[in-house]
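Peer 1: Here it is, the structure in full.
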Amino acid sequence: MRILLLTLLLLSTSAASANPAPDPDPEAQAHQYLAQDPPAHDQARALFMQAAEQGSPTAMAYLGWLFEHGHGTAPDGEQAVYWYGQAARAGALPYAMHLGWIHLRGELVPRDRETSEDWFRYAIDQGHAPARVALASIWIADALGGRDPDLALAAEALLLPAMEAGEVLALYFLARLYIEGIGGVTADDDKAFHYTHEGAHQGHPRMQAWLAMMHAEGRGVTADPVAAIQWSNLAAAGGDELGMELRRTLESRATPEQIQEGRGRAVTWALSHGQPD
């Protein structure tokens, strides 16, 4: 019996040697090192390197983050943009946008407007709708600054598909284009009201403030002081400074009945949309 047990033990040992257990996931190990107090950045970086070599986009992005912020090493802009670029090309498209902002700001690497726009366009070409909004916002700022009025028209063309993809910020920038009339885009109260109304009903505080203003002034809609009070209260509740200012101004001009009804509508809307009153 003893010989049989020893034989089984040898066989099991041989089988274990012939079929070793798979190595632990290096990326999971890296996160364990990051979770330590203090974080073991050197060990984490080495493991993220292993995972990146195995094709993990998130590991590539973490390497970019470590080099960008100098965790466990001196900040290294070239290494950061290299690893963010690897992550973006591997399918982590938010990092293509991050690279766009990095090259535009010129803080981590020298400012390069062309490379910045190339990264935004790369994400757009891959179907990443937020990149449309990001690039449109830059072009709108350019148009406002007098660089090229036609950039506002190009921004409009970027924003419309982003809106269809469900990007709330696309509604924000479209509303602003039509409220203010920026660059080559002509102010249009009807379009402004349409996009502002859509954004306000999705809970965006600044667009709620704009909607209050439009109801107060009768822009794109019949003037309605009660609706104006409703939306200014909702904007103010969302922390929007314009909404707070509008609420004070509108309620100073309204009757007690209008204030009560407007506030009541705001509470009803907030409760039905899962927002605090």
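If you're wondering about the labels, chains in the structure tokens are A, B, ... by order shown, residues count from 1 in each chain, ligands from 1 in order shown.
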Can you pull out the residues contacting range 189-201 of chain A? Cut-off 7 Å, using only C-alpha atoms, and skip same-chain residues under 2 positions away; I want them as a JSON list (two decimals) with all heavy atoms, in the first residue's frame.

Peer 2:
```json
[["chain", "number", "residue", "atom", "x", "y", "z"],
["A", 168, "VAL", "N", -25.26, 64.35, -25.59],
["A", 168, "VAL", "CA", -25.95, 65.52, -25.06],
["A", 168, "VAL", "C", -25.15, 66.79, -25.34],
["A", 168, "VAL", "O", -25.72, 67.85, -25.62],
["A", 168, "VAL", "CB", -26.21, 65.37, -23.56],
["A", 168, "VAL", "CG1", -26.86, 66.62, -22.98],
["A", 168, "VAL", "CG2", -27.11, 64.16, -23.30],
["A", 171, "LEU", "N", -25.97, 68.55, -28.48],
["A", 171, "LEU", "CA", -27.13, 69.43, -28.36],
["A", 171, "LEU", "C", -26.71, 70.79, -27.79],
["A", 171, "LEU", "O", -27.17, 71.84, -28.25],
["A", 171, "LEU", "CB", -28.19, 68.79, -27.46],
["A", 171, "LEU", "CG", -28.92, 67.58, -28.00],
["A", 171, "LEU", "CD1", -29.70, 66.89, -26.88],
["A", 171, "LEU", "CD2", -29.87, 67.97, -29.12],
["A", 172, "TYR", "N", -25.83, 70.76, -26.79],
["A", 172, "TYR", "CA", -25.37, 72.00, -26.16],
["A", 172, "TYR", "C", -24.72, 72.92, -27.18],
["A", 172, "TYR", "O", -25.04, 74.10, -27.27],
["A", 172, "TYR", "CB", -24.39, 71.66, -25.04],
["A", 172, "TYR", "CG", -23.64, 72.85, -24.49],
["A", 172, "TYR", "CD1", -24.20, 73.64, -23.49],
["A", 172, "TYR", "CD2", -22.40, 73.21, -25.00],
["A", 172, "TYR", "CE1", -23.52, 74.74, -23.00],
["A", 172, "TYR", "CE2", -21.71, 74.31, -24.52],
["A", 172, "TYR", "CZ", -22.28, 75.07, -23.51],
["A", 172, "TYR", "OH", -21.61, 76.17, -23.05],
["A", 174, "LEU", "N", -24.85, 72.77, -30.52],
["A", 174, "LEU", "CA", -25.78, 73.18, -31.56],
["A", 174, "LEU", "C", -26.67, 74.32, -31.07],
["A", 174, "LEU", "O", -26.90, 75.31, -31.78],
["A", 174, "LEU", "CB", -26.64, 71.98, -32.00],
["A", 174, "LEU", "CG", -25.94, 70.96, -32.90],
["A", 174, "LEU", "CD1", -26.77, 69.68, -32.98],
["A", 174, "LEU", "CD2", -25.72, 71.53, -34.30],
["A", 175, "ALA", "N", -27.18, 74.18, -29.85],
["A", 175, "ALA", "CA", -28.01, 75.24, -29.28],
["A", 175, "ALA", "C", -27.24, 76.55, -29.22],
["A", 175, "ALA", "O", -27.75, 77.62, -29.59],
["A", 175, "ALA", "CB", -28.50, 74.84, -27.90],
["A", 178, "TYR", "N", -26.90, 78.32, -32.60],
["A", 178, "TYR", "CA", -28.11, 78.97, -33.10],
["A", 178, "TYR", "C", -28.59, 80.09, -32.18],
["A", 178, "TYR", "O", -29.25, 81.02, -32.65],
["A", 178, "TYR", "CB", -29.20, 77.94, -33.31],
["A", 178, "TYR", "CG", -28.83, 76.88, -34.33],
["A", 178, "TYR", "CD1", -28.87, 75.53, -34.02],
["A", 178, "TYR", "CD2", -28.39, 77.25, -35.60],
["A", 178, "TYR", "CE1", -28.51, 74.57, -34.94],
["A", 178, "TYR", "CE2", -28.02, 76.30, -36.53],
["A", 178, "TYR", "CZ", -28.08, 74.96, -36.20],
["A", 178, "TYR", "OH", -27.70, 74.00, -37.12],
["A", 179, "ILE", "N", -28.26, 80.03, -30.91],
["A", 179, "ILE", "CA", -28.62, 81.13, -30.01],
["A", 179, "ILE", "C", -27.77, 82.36, -30.32],
["A", 179, "ILE", "O", -28.27, 83.48, -30.44],
["A", 179, "ILE", "CB", -28.43, 80.72, -28.53],
["A", 179, "ILE", "CG1", -29.51, 79.73, -28.11],
["A", 179, "ILE", "CG2", -28.49, 81.96, -27.62],
["A", 179, "ILE", "CD1", -29.27, 79.10, -26.73],
["A", 187, "ALA", "N", -27.81, 82.96, -36.47],
["A", 187, "ALA", "CA", -28.70, 82.76, -35.34],
["A", 187, "ALA", "C", -30.09, 82.36, -35.84],
["A", 187, "ALA", "O", -30.58, 82.91, -36.83],
["A", 187, "ALA", "CB", -28.78, 84.02, -34.49],
["A", 203, "GLY", "N", -31.77, 66.97, -18.90],
["A", 203, "GLY", "CA", -31.23, 67.32, -17.59],
["A", 203, "GLY", "C", -29.98, 68.17, -17.59],
["A", 203, "GLY", "O", -29.33, 68.30, -16.56],
["A", 204, "HIS", "N", -29.62, 68.79, -18.72],
["A", 204, "HIS", "CA", -28.41, 69.62, -18.78],
["A", 204, "HIS", "C", -28.73, 70.99, -18.16],
["A", 204, "HIS", "O", -29.52, 71.76, -18.71],
["A", 204, "HIS", "CB", -27.96, 69.78, -20.23],
["A", 204, "HIS", "CG", -26.59, 70.35, -20.36],
["A", 204, "HIS", "ND1", -26.32, 71.67, -20.13],
["A", 204, "HIS", "CD2", -25.40, 69.76, -20.71],
["A", 204, "HIS", "CE1", -25.03, 71.89, -20.33],
["A", 204, "HIS", "NE2", -24.45, 70.74, -20.68],
["A", 205, "PRO", "N", -28.10, 71.35, -17.02],
["A", 205, "PRO", "CA", -28.48, 72.58, -16.32],
["A", 205, "PRO", "C", -28.33, 73.86, -17.14],
["A", 205, "PRO", "O", -29.19, 74.74, -17.08],
["A", 205, "PRO", "CB", -27.54, 72.60, -15.10],
["A", 205, "PRO", "CG", -27.22, 71.16, -14.87],
["A", 205, "PRO", "CD", -27.13, 70.56, -16.24],
["A", 207, "MET", "N", -28.52, 74.24, -20.40],
["A", 207, "MET", "CA", -29.58, 74.31, -21.41],
["A", 207, "MET", "C", -30.94, 74.53, -20.75],
["A", 207, "MET", "O", -31.83, 75.14, -21.36],
["A", 207, "MET", "CB", -29.55, 73.06, -22.29],
["A", 207, "MET", "CG", -28.41, 73.11, -23.30],
["A", 207, "MET", "SD", -28.48, 71.83, -24.59],
["A", 207, "MET", "CE", -27.78, 70.46, -23.69],
["A", 208, "GLN", "N", -31.10, 74.09, -19.53],
["A", 208, "GLN", "CA", -32.32, 74.43, -18.79],
["A", 208, "GLN", "C", -32.39, 75.93, -18.55],
["A", 208, "GLN", "O", -33.46, 76.55, -18.65],
["A", 208, "GLN", "CB", -32.37, 73.65, -17.48],
["A", 208, "GLN", "CG", -32.60, 72.16, -17.67],
["A", 208, "GLN", "CD", -32.52, 71.37, -16.39],
["A", 208, "GLN", "OE1", -31.91, 71.79, -15.41],
["A", 208, "GLN", "NE2", -33.15, 70.19, -16.38],
["A", 210, "TRP", "N", -30.93, 78.22, -20.49],
["A", 210, "TRP", "CA", -31.23, 78.82, -21.80],
["A", 210, "TRP", "C", -32.71, 78.69, -22.14],
["A", 210, "TRP", "O", -33.31, 79.61, -22.69],
["A", 210, "TRP", "CB", -30.40, 78.15, -22.87],
["A", 210, "TRP", "CG", -28.94, 78.52, -22.87],
["A", 210, "TRP", "CD1", -28.36, 79.57, -22.21],
["A", 210, "TRP", "CD2", -27.89, 77.83, -23.54],
["A", 210, "TRP", "NE1", -27.01, 79.59, -22.44],
["A", 210, "TRP", "CE2", -26.69, 78.53, -23.25],
["A", 210, "TRP", "CE3", -27.83, 76.71, -24.35],
["A", 210, "TRP", "CZ2", -25.45, 78.13, -23.75],
["A", 210, "TRP", "CZ3", -26.60, 76.30, -24.85],
["A", 210, "TRP", "CH2", -25.42, 77.00, -24.56],
["A", 211, "LEU", "N", -33.29, 77.54, -21.79],
["A", 211, "LEU", "CA", -34.71, 77.34, -22.08],
["A", 211, "LEU", "C", -35.56, 78.32, -21.27],
["A", 211, "LEU", "O", -36.55, 78.87, -21.76],
["A", 211, "LEU", "CB", -35.12, 75.90, -21.79],
["A", 211, "LEU", "CG", -36.51, 75.48, -22.26],
["A", 211, "LEU", "CD1", -36.68, 75.67, -23.76],
["A", 211, "LEU", "CD2", -36.79, 74.03, -21.88],
["A", 219, "ARG", "N", -38.38, 83.65, -27.43],
["A", 219, "ARG", "CA", -37.50, 83.34, -28.55],
["A", 219, "ARG", "C", -37.73, 81.90, -29.01],
["A", 219, "ARG", "O", -37.46, 80.96, -28.28],
["A", 219, "ARG", "CB", -36.03, 83.51, -28.16],
["A", 219, "ARG", "CG", -35.64, 84.95, -27.89],
["A", 219, "ARG", "CD", -34.16, 85.06, -27.56],
["A", 219, "ARG", "NE", -33.31, 84.58, -28.66],
["A", 219, "ARG", "CZ", -31.97, 84.54, -28.59],
["A", 219, "ARG", "NH1", -31.35, 84.92, -27.48],
["A", 219, "ARG", "NH2", -31.27, 84.10, -29.62],
["A", 220, "GLY", "N", -38.31, 81.74, -30.19],
["A", 220, "GLY", "CA", -38.60, 80.42, -30.71],
["A", 220, "GLY", "C", -39.82, 79.78, -30.10],
["A", 220, "GLY", "O", -40.16, 78.64, -30.42]]
```

Peer 1: Quick one: residues within 10 Å of range 224-237 of chain A, only C-alpha atoms counted, chain neighbours fewer than 6 positions away excluded, as an NGL selection string?

Peer 2: :A and (200-201 or 203-218 or 243-251 or 253-255 or 257-270 or 275-277)

Peer 1: Dump C-alpha atoms for the selected residues as a compact mmCIF listing (two decimals), in the first residue's frame?

Peer 2:
```
# COMPACT_ATOMS: atom_id res chain seq x y z
CA ALA A 200 -32.98 70.70 -21.12
CA HIS A 201 -35.26 67.67 -21.03
CA GLY A 203 -31.23 67.32 -17.59
CA HIS A 204 -28.41 69.62 -18.78
CA PRO A 205 -28.48 72.58 -16.32
CA ARG A 206 -27.10 75.23 -18.69
CA MET A 207 -29.58 74.31 -21.41
CA GLN A 208 -32.32 74.43 -18.79
CA ALA A 209 -31.20 78.00 -18.08
CA TRP A 210 -31.23 78.82 -21.80
CA LEU A 211 -34.71 77.34 -22.08
CA ALA A 212 -35.86 79.56 -19.20
CA MET A 213 -34.42 82.57 -20.99
CA MET A 214 -36.14 81.65 -24.25
CA HIS A 215 -39.51 81.21 -22.52
CA ALA A 216 -39.01 84.55 -20.79
CA GLU A 217 -38.08 86.39 -23.98
CA GLY A 218 -40.37 84.52 -26.37
CA GLY A 243 -29.98 79.58 -13.84
CA MET A 244 -29.57 81.05 -10.35
CA GLU A 245 -29.37 84.57 -11.73
CA LEU A 246 -32.39 84.03 -13.98
CA ARG A 247 -34.44 82.57 -11.13
CA ARG A 248 -33.82 85.65 -9.00
CA THR A 249 -34.59 88.04 -11.84
CA LEU A 250 -37.68 86.20 -13.12
CA GLU A 251 -39.21 85.70 -9.69
CA ARG A 253 -40.92 90.27 -11.73
CA ALA A 254 -43.54 87.55 -11.31
CA THR A 255 -46.72 87.35 -9.29
CA GLU A 257 -49.21 82.75 -8.23
CA GLN A 258 -46.75 82.50 -11.14
CA ILE A 259 -43.87 81.74 -8.78
CA GLN A 260 -45.84 79.04 -7.00
CA GLU A 261 -46.95 77.40 -10.24
CA GLY A 262 -43.50 77.58 -11.81
CA ARG A 263 -41.84 76.06 -8.76
CA GLY A 264 -44.51 73.38 -8.60
CA ARG A 265 -43.91 72.45 -12.22
CA ALA A 266 -40.17 72.26 -11.53
CA VAL A 267 -40.71 69.85 -8.63
CA THR A 268 -43.09 67.71 -10.68
CA TRP A 269 -40.63 67.56 -13.59
CA ALA A 270 -37.70 66.75 -11.32
CA GLN A 275 -33.87 64.43 -10.10
CA PRO A 276 -33.86 66.00 -6.64
CA ASP A 277 -36.38 68.78 -6.08
```

Peer 1: List the spatial neighbours of Gln79 in chain A as a VMD selection string - criterion: any atom at most 9 Å away, only C-alpha atoms, same-chain residues fewer than 5 positions off excluded.

Peer 2: chain A and resid 63 to 64 67 to 68 84

Peer 1: For Met60 in chain A, find every residue with an atom within 12 Å (counting only C-alpha atoms), except residues of its own chain fewer than 4 positions away, and show them as a PyMOL selection string.

Peer 2: chain A and resi 27+45-56+64-67+79-92+95

Peer 1: Expressed in Å to a single decimal, how great is the separation between CA of Ile102 in chain A and CA of Ala152 in chain A?

Peer 2: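 Answer for the CA of Ile102 in chain A to CA of Ala152 in chain A separation: 22.7 Å.
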
Peer 1: Between CA of Gly166 in chain A and CA of Ala143 in chain A, what is the spacing in Å?

Peer 2: 24.7 Å

Peer 1: Residues near Pro149 in chain A, anyone? I mean within 10 Å using only C-alpha atoms, not counting same-chain ones fewer than 2 positions away, as JSON, numbers by chain.

Peer 2: {"A": [139, 140, 142, 143, 144, 145, 146, 147, 151, 152, 153, 154, 182, 183, 184, 185]}

Peer 1: Report as an MDAnalysis selection string all protein, DNA and RNA residues lying within 8 Å of Met97 in chain A, evaluated on only C-alpha atoms, omitting residues in the same chain fewer than 6 positions from it.

Peer 2: chainID A and resid 119:120 123 131 134

Peer 1: So, counting only C-alpha atoms, which residue among A:His31, A:Ala136, A:Thr186, A:Ala141 is closest to Ala157 in chain A?

Peer 2: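 Closest to Ala157 in chain A, using only C-alpha atoms: A:Ala136.
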
Peer 1: Could you give me the residues within range 3-247 of chain A that DSSP places in helix (DSSP H, G or I), as a VMD selection string?

Peer 2: chain A and resid 3 to 18 26 to 34 41 to 53 57 to 69 77 to 89 94 to 105 113 to 125 129 to 144 150 to 164 168 to 180 189 to 201 205 to 217 225 to 237 241 to 247
